$ cat run_2.cif   # mmCIF, C-alpha atoms
data_protein
#
loop_
_atom_site.label_atom_id
_atom_site.label_comp_id
_atom_site.auth_asym_id
_atom_site.auth_seq_id
_atom_site.Cartn_x
_atom_site.Cartn_y
_atom_site.Cartn_z
CA MET A 1 141.86 159.05 126.95
CA SER A 2 140.02 158.68 130.27
CA TYR A 3 141.50 159.83 133.58
CA ALA A 4 141.95 156.20 134.69
CA HIS A 5 143.64 155.40 131.38
CA LYS A 6 146.03 158.33 131.82
CA LYS A 7 146.89 157.30 135.35
CA LEU A 8 147.46 153.69 134.35
CA TRP A 9 149.75 154.73 131.50
CA GLY A 10 151.59 157.04 133.89
CA TYR A 11 152.31 154.20 136.29
CA VAL A 12 153.46 151.87 133.49
CA ASN A 13 155.64 154.62 132.05
CA GLU A 14 157.38 155.21 135.36
CA LEU A 15 157.75 151.51 136.22
CA MET A 16 158.81 150.14 132.85
CA TYR A 17 160.32 153.04 130.93
CA HIS A 18 161.95 155.25 133.51
CA ASN A 19 165.01 156.83 132.00
CA VAL A 20 168.04 158.47 133.58
CA TYR A 21 168.03 161.31 131.05
CA ASP A 22 170.21 164.19 132.16
CA PRO A 23 168.89 167.47 130.65
CA ASP A 24 172.15 169.21 131.55
CA SER A 25 174.32 166.82 129.54
CA ASP A 26 175.65 167.59 126.07
CA ALA A 27 172.93 167.03 123.47
CA VAL A 28 175.45 165.67 120.96
CA MET A 29 178.66 163.84 121.84
CA LYS A 30 181.33 162.73 119.40
CA CYS A 31 183.66 159.72 119.29
CA GLY A 32 186.42 158.94 116.84
CA ARG A 33 187.48 160.58 113.60
CA GLY A 34 186.98 158.16 110.74
CA ASP A 35 185.96 157.91 107.12
CA ARG A 36 182.23 157.41 107.74
CA ASP A 37 179.67 159.11 109.95
CA ILE A 38 177.39 157.15 112.27
CA VAL A 39 174.60 158.67 114.35
CA PHE A 40 174.04 156.58 117.50
CA PHE A 41 170.86 156.34 119.58
CA HIS A 42 171.23 154.78 123.04
CA GLY A 43 168.74 152.48 124.74
CA ASN A 44 166.32 153.27 127.51
CA ASN A 45 167.44 153.67 131.11
CA CYS A 46 170.87 154.97 130.10
CA THR A 47 172.51 158.08 128.67
CA SER A 48 174.85 158.84 125.80
CA ALA A 49 177.66 159.42 128.29
CA GLN A 50 177.36 155.83 129.53
CA CYS A 51 177.74 154.59 125.93
CA ILE A 52 180.95 156.54 125.23
CA PRO A 53 183.38 153.63 125.99
CA ALA A 54 181.49 151.21 123.73
CA CYS A 55 181.17 153.82 120.98
CA GLU A 56 184.87 154.68 121.15
CA ASP A 57 185.65 151.01 120.56
CA LEU A 58 183.06 150.88 117.78
CA ALA A 59 184.52 153.98 116.12
CA ASP A 60 187.98 152.37 116.11
CA ARG A 61 186.70 149.09 114.68
CA LEU A 62 184.62 150.74 111.96
CA ASN A 63 186.99 153.64 111.24
CA ALA A 64 184.07 155.96 111.88
CA THR A 65 183.08 159.22 113.48
CA ILE A 66 180.18 158.52 115.84
CA TYR A 67 177.73 161.17 117.00
CA LEU A 68 175.71 160.22 120.07
CA ILE A 69 172.38 162.02 120.38
CA GLU A 70 171.03 162.48 123.89
CA TYR A 71 167.28 162.10 124.23
CA PRO A 72 164.80 161.49 127.05
CA GLY A 73 164.13 157.79 126.80
CA TYR A 74 160.75 156.37 126.01
CA GLY A 75 159.27 159.45 124.37
CA ARG A 76 159.50 161.48 127.57
CA LEU A 77 158.80 164.77 125.81
CA GLY A 78 155.60 166.47 126.88
CA ALA A 79 152.88 165.54 129.34
CA LEU A 80 151.67 162.07 130.19
CA ASP A 81 148.22 162.80 128.75
CA CYS A 82 149.11 161.58 125.26
CA GLN A 83 149.44 158.00 124.09
CA ALA A 84 152.77 156.26 123.81
CA HIS A 85 153.04 156.32 120.01
CA GLU A 86 152.32 160.07 120.04
CA ARG A 87 155.14 160.57 122.54
CA PHE A 88 157.37 158.39 120.37
CA ASP A 89 156.58 160.59 117.35
CA ARG A 90 157.42 163.73 119.34
CA THR A 91 160.82 162.31 120.21
CA VAL A 92 161.47 161.37 116.58
CA GLU A 93 160.77 164.99 115.55
CA TYR A 94 163.18 166.19 118.22
CA LEU A 95 165.86 163.74 117.10
CA ILE A 96 165.62 164.56 113.39
CA LYS A 97 166.07 168.25 114.23
CA MET A 98 169.15 167.41 116.26
CA VAL A 99 170.58 165.28 113.43
CA GLN A 100 169.95 168.01 110.86
CA ASN A 101 172.11 170.36 112.93
CA ILE A 102 175.14 168.08 112.56
CA SER A 103 177.39 168.41 109.53
CA LEU A 104 177.18 164.86 108.21
CA ASP A 105 178.67 163.38 105.06
CA GLU A 106 176.65 161.52 102.46
CA ASN A 107 177.86 158.20 103.84
CA VAL A 108 175.90 158.58 107.09
CA SER A 109 174.51 155.55 108.89
CA PHE A 110 172.05 155.37 111.77
CA TYR A 111 172.78 152.94 114.62
CA GLY A 112 170.25 152.21 117.35
CA PHE A 113 170.73 150.04 120.42
CA SER A 114 167.71 148.53 122.22
CA LEU A 115 164.93 151.16 122.27
CA GLY A 116 167.27 153.33 120.21
CA GLY A 117 166.79 150.88 117.34
CA ALA A 118 163.20 152.04 116.86
CA TYR A 119 164.37 155.65 116.86
CA ALA A 120 167.22 154.94 114.45
CA ALA A 121 164.78 153.39 111.97
CA ALA A 122 162.28 156.22 112.32
CA VAL A 123 164.91 158.95 111.95
CA ALA A 124 166.46 157.17 108.97
CA LYS A 125 163.05 157.08 107.27
CA LYS A 126 162.55 160.81 107.74
CA TRP A 127 166.11 161.43 106.55
CA ILE A 128 165.51 159.41 103.39
CA ASP A 129 162.03 160.88 102.83
CA SER A 130 163.61 164.34 102.81
CA GLY A 131 165.77 163.33 99.83
CA ARG A 132 168.99 162.61 101.72
CA HIS A 133 171.16 159.52 101.33
CA CYS A 134 171.51 156.96 104.12
CA ASN A 135 174.24 154.36 103.81
CA GLU A 136 172.97 151.88 106.40
CA VAL A 137 170.52 151.43 109.27
CA ILE A 138 171.91 149.24 112.05
CA ILE A 139 169.49 147.89 114.65
CA HIS A 140 171.11 146.17 117.63
CA ASN A 141 169.24 144.15 120.29
CA SER A 142 165.95 145.89 119.60
CA PHE A 143 162.32 144.97 118.98
CA ALA A 144 160.60 144.37 115.65
CA GLU A 145 157.11 144.96 116.99
CA PHE A 146 156.31 146.49 120.36
CA SER A 147 153.34 144.15 120.65
CA LEU A 148 155.72 141.16 120.75
CA LEU A 149 157.06 142.24 124.14
CA SER A 150 155.99 140.27 127.19
CA GLY A 151 153.40 142.90 128.07
CA GLY A 152 152.08 143.09 124.54
CA TYR A 153 148.38 142.92 125.38
CA LEU A 154 148.70 145.60 128.03
CA MET A 155 150.81 147.72 125.69
CA SER A 156 148.17 147.46 122.97
CA PHE A 157 145.50 148.53 125.46
CA LEU A 158 147.59 151.53 126.40
CA GLY A 159 147.80 152.68 122.80
CA VAL A 160 151.35 151.66 121.96
CA ASN A 161 151.73 151.30 118.22
CA ILE A 162 155.43 151.21 117.44
CA SER A 163 156.55 148.89 114.64
CA THR A 164 160.21 148.94 113.67
CA VAL A 165 159.63 146.27 111.05
CA ASP A 166 157.00 148.44 109.31
CA THR A 167 159.43 151.35 109.25
CA LEU A 168 162.27 149.24 107.89
CA GLU A 169 159.99 147.73 105.27
CA SER A 170 159.15 151.23 104.02
CA ILE A 171 162.82 152.05 103.37
CA GLU A 172 163.98 148.63 102.19
CA GLY A 173 165.84 149.03 98.90
CA LEU A 174 166.68 152.66 99.70
CA THR A 175 169.38 151.84 102.23
CA LYS A 176 171.20 148.85 103.66
CA ILE A 177 169.62 147.29 106.73
CA ARG A 178 171.58 145.35 109.37
CA TRP A 179 169.85 143.58 112.26
CA ILE A 180 172.07 142.42 115.13
CA HIS A 181 170.81 140.34 118.04
CA SER A 182 172.44 138.59 120.97
CA ASP A 183 171.81 134.88 121.42
CA ASN A 184 170.99 135.29 125.13
CA ASP A 185 168.81 138.38 124.84
CA THR A 186 165.79 137.55 127.01
CA LEU A 187 164.21 140.99 126.67
CA PHE A 188 163.87 140.76 122.88
CA PRO A 189 163.86 137.02 122.05
CA PRO A 190 164.36 135.42 118.59
CA THR A 191 160.71 136.04 117.59
CA HIS A 192 161.73 139.62 116.77
CA THR A 193 164.56 138.46 114.53
CA ASP A 194 162.29 135.89 112.90
CA LEU A 195 159.83 138.64 111.96
CA ILE A 196 162.63 140.76 110.46
CA ARG A 197 163.85 137.76 108.49
CA GLN A 198 160.33 137.16 107.13
CA ARG A 199 159.52 140.75 106.24
CA ILE A 200 162.87 142.37 105.35
CA LYS A 201 164.37 140.01 102.81
CA SER A 202 167.44 142.15 102.10
CA ALA A 203 168.40 142.62 105.76
CA VAL A 204 171.79 141.38 106.88
CA ILE A 205 171.12 139.48 110.11
CA GLU A 206 173.90 138.86 112.61
CA THR A 207 173.78 136.74 115.75
CA ARG A 208 176.34 137.53 118.41
CA HIS A 209 177.07 135.92 121.74
CA GLY A 210 175.86 137.87 124.75
CA ASP A 211 172.82 139.17 126.60
CA HIS A 212 170.60 142.16 125.95
CA ASN A 213 173.16 144.70 127.16
CA THR A 214 176.08 143.31 125.12
CA MET A 215 177.24 145.74 122.46
#
$ encode --input "run_2.cif" --output "structure tokens"
Amino acid sequence: MSYAHKKLWGYVNELMYHNVYDPDSDAVMKCGRGDRDIVFFHGNNCTSAQCIPACEDLADRLNATIYLIEYPGYGRLGALDCQAHERFDRTVEYLIKMVQNISLDENVSFYGFSLGGAYAAAVAKKWIDSGRHCNEVIIHNSFAEFSLLSGGYLMSFLGVNISTVDTLESIEGLTKIRWIHSDNDTLFPPTHTDLIRQRIKSAVIETRHGDHNTM
């Protein structure tokens, strides 16, 4: 990657994917005490702590124990001299180590909101590839292909190669897949859901009223 390329990616990273990650916060937070375990990955530009109220409500509705994993947003592990998908992979490795340190039952599900949806899918794949059982992967208001975002051409130039639909396709039949999208989500429009519907035939697709930030 050239110096100019690195600088350009650095500016885009700070402008578009700045996260409010708090390194002093608890790495794992817990909500509820139910009959099933759910590991939750928050979206970008927020923290697990900000998702506690929504997850407490979710834990009550689903009779679940929810573990919220804190992580530094859009792959913000390491220097800016590596491409976005490499940084994404680093964060996935970090997250799977965190998940492996939690005592989870065999009925575990992975729930990702917004950017967290891509991480939930990637962690679930590694979990399944290691011989463990995953009950369900739940992707909520997330993207199917990073290239479908409004800055897709620029993102491709910058080396972004993150495909949630590819990941889900690789584990289809090994776990249940649920795709939830809001009808007024302007960040990730229906084209993402259409791609999931085309490629992941077994996916349960839900449309809910709200905008991108509605959980």
$ closest_residue --input "run_2.cif" --among "A:Met98, A:Met29, A:Val92, A:Ala49" --to "Gly116 in chain A" --atoms "only C-alpha atoms"
A:Val92
$ residues_around --input "run_2.cif" --residues "Gly32 in chain A" --least-positions-apart "5" --cutoff "7 Å" --atoms "all atoms listed in the file" --output "list of chain:residue names"
A:Glu56, A:Ala59, A:Asp60, A:Ala64, A:Thr65, A:Ile66
$ resolve_selection --input "run_2.cif" --expression "the PyMOL selection byres ((chain A and resi 169-175) around 10)" --output "list of chain:residue names"
A:Ser109, A:Ala121, A:Ala122, A:Ala124, A:Lys125, A:Lys126, A:Ile128, A:Asp129, A:His133, A:Cys134, A:Asn135, A:Glu136, A:Val137, A:Thr164, A:Val165, A:Asp166, A:Thr167, A:Leu168, A:Lys176, A:Ile177, A:Arg178, A:Ile196, A:Arg199, A:Ile200, A:Lys201, A:Ser202, A:Ala203
$ closest_residue --input "run_2.cif" --among "A:Ile162, A:Ile102, A:Leu115, A:Ile139" --to "Leu187 in chain A" --atoms "only C-alpha atoms"
A:Leu115
$ atom_distance --input "run_2.cif" --atom1 "CA of Asn107 in chain A" --atom2 "CA of Ser48 in chain A"
22.2 Å
$ residues_around --input "run_2.cif" --residues "Thr207 in chain A" --least-positions-apart "4" --cutoff "7 Å" --atoms "all atoms listed in the file" --output "PyMOL selection string"
chain A and resi 180-183
$ atom_distance --input "run_2.cif" --atom1 "CA of Tyr67 in chain A" --atom2 "CA of His192 in chain A"
26.8 Å
$ closest_residue --input "run_2.cif" --among "A:Asp57, A:Glu70, A:Asp105, A:Glu93" --to "Arg36 in chain A" --atoms "only C-alpha atoms"
A:Asp105
$ atom_distance --input "run_2.cif" --atom1 "CA of Val204 in chain A" --atom2 "CA of Ile138 in chain A"
9.4 Å
$ residues_around --input "run_2.cif" --residues "Gly117 in chain A" --least-positions-apart "4" --cutoff "7 Å" --atoms "all atoms listed in the file" --output "ChimeraX atom specification"
/A:111-113,121,139-140,142
$ resolve_selection --input "run_2.cif" --expression "the PyMOL selection byres ((chain A and resi 193) around 9)" --output "JSON list (two decimals) with C-alpha atoms, keeping the file's coordinate frame"
[["chain", "number", "residue", "atom", "x", "y", "z"],
["A", 143, "PHE", "CA", 162.32, 144.97, 118.98],
["A", 144, "ALA", "CA", 160.60, 144.37, 115.65],
["A", 179, "TRP", "CA", 169.85, 143.58, 112.26],
["A", 180, "ILE", "CA", 172.07, 142.42, 115.13],
["A", 181, "HIS", "CA", 170.81, 140.34, 118.04],
["A", 188, "PHE", "CA", 163.87, 140.76, 122.88],
["A", 189, "PRO", "CA", 163.86, 137.02, 122.05],
["A", 190, "PRO", "CA", 164.36, 135.42, 118.59],
["A", 191, "THR", "CA", 160.71, 136.04, 117.59],
["A", 192, "HIS", "CA", 161.73, 139.62, 116.77],
["A", 194, "ASP", "CA", 162.29, 135.89, 112.90],
["A", 195, "LEU", "CA", 159.83, 138.64, 111.96],
["A", 196, "ILE", "CA", 162.63, 140.76, 110.46],
["A", 197, "ARG", "CA", 163.85, 137.76, 108.49],
["A", 198, "GLN", "CA", 160.33, 137.16, 107.13],
["A", 205, "ILE", "CA", 171.12, 139.48, 110.11]]
